[in-house]
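Participant: First the structure, then my questions, so here it is.
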Amino acid sequence: EYKSYLRMPILITEKDITWSESDAKVDLTLPKKSIPTSNIDIMCTDRYLKVNYSPYFYECFLKNAVDEDKTVIVLEGGEINITLVKVNQGMWHELSDPSVALDRDKRRELKQMAMEYHEEKARKTVEERQKIKAEQNRWALRRAMDQDSNEKERIESVKQAERDRVTQELDAWQSLEDDVRQSRYLESIAKEKDGCSDEQKENVDSKLKENAIVEAPKPITKDERALKYEKIKHNLANPLGPKHSSGSGEKLKSEEKVKPLWEVNGPRQKAEISVSFTPRYFPSAARESLAREEEEWIEKNVKAQTQIKPKDEDTKEEERNPMWLKDKANAFYKSGNFPAAINAYSEAMSISPSLPSLYINRASCYIVMNLFEDCITDCTKALSLLNPPVEANRMSRVKALVKRGSAYCQLEEYQKALDDYKLAVKLHPDDALLEKDIELLQDKLP
């Protein structure tokens, strides 16, 4: 004999509730029946009210329209108190519409309309919340970028001020006479003797003695510098010239004039050499069997990187470039500001959703913040975009597999983690750390 285990709801009728009304509102009180608050589901539209708290169920087709946005629900003690605000003031004298109670088809139609209305309203509410959240994330991202720019400007201003100070001191030092410069230098050495040991003082005294007898070098004139430069060029060009006979050790006399090399041998003859290379995007050698896959990957990758967001009044020029947003997100990641990095990566994805590196980098942020399911989702999306598999995206596939495997490991799904690590080792067999991680995962498996 077939036995049904379906539990039918216990209907709450108007005999089980109490209600009162005024010209502006209706107050209902339902018994809570010791049901936890988290298990009570209440839906209200302009003409339909439903309270579902299994195994109890109550529904009412209201006599007139109410403003569902102004409905007040209070759950306290052993009662469910609901206040409905009337659209048109006046006394109803009856809570439910008697014409609907007798017509089953009309009840079904009104219930269907109420459900569709509620679902549409809920969808709009979700979209509005998502829009508000996206706007908040965009505002937080912009604020973080402004703070980062301000910090860079502050650091640059401090550096510039220090450069200006050092430049001024150097200019002031160079403007001093040689004897004044020498005396200040000796005074600075003399100050080093304060608080020094006997051995250190002897070193300072030796510096003082050395500087006391050494005069400041005379500045080299422009003619002397030119003559010296010509001599050096001549010696480099003629290491075995007539003035450098073997073993003689003779030097050029300062009073002799050395002719430049171009006056002795004349200028060289001009010539041009043409060198051409086959353009190659990938680091590996070209193979005819992989030409089609490589061309497809190049076209796909370049298209993703060059997408630009349409102009918007609230968006700056640089914020329309996904690569600029990616660089900004990378900077946030390096500084440890992971929420800002996630916002920047997400904003770049809204412009260029087919760029795999955005998903891989955002997955790194998720795994740091212990959001392992989101990390797995991003890595899976990145692997689907890294097609066709070519040498240029091999390491990107390795990164995505390792990050996803790490997330699986944190969720204690060791078999899936092991599968991803094995695929990563096939793509990058020289990585000893991956081999070690595989051994650790194998130990965790039963």
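All residue names refer to the structure tokens as shown: chains lettered A, B, ... in order, residues numbered from 1 in each chain, ligands numbered from 1 in order.
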Env of Cys379 (chain A): 12 Å cut, atoms = only C-alpha atoms, seq-sep filter 6 positions within chain, self excluded. Answer as a count of residues only.
Facilitator: 30
Participant: Hey, which of A:Lys25, A:Lys63, A:Arg47, A:Lys426 ends up closest to His118 (chain A)? Count only C-alpha atoms.
Facilitator: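 The closest residue to His118 (chain A) is A:Arg47.
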Participant: With distances taken over only C-alpha atoms, which of A:Glu21, A:Glu79, A:Glu14, A:Asp431 is nearest to Phe61 (chain A)?
Facilitator: A:Glu14
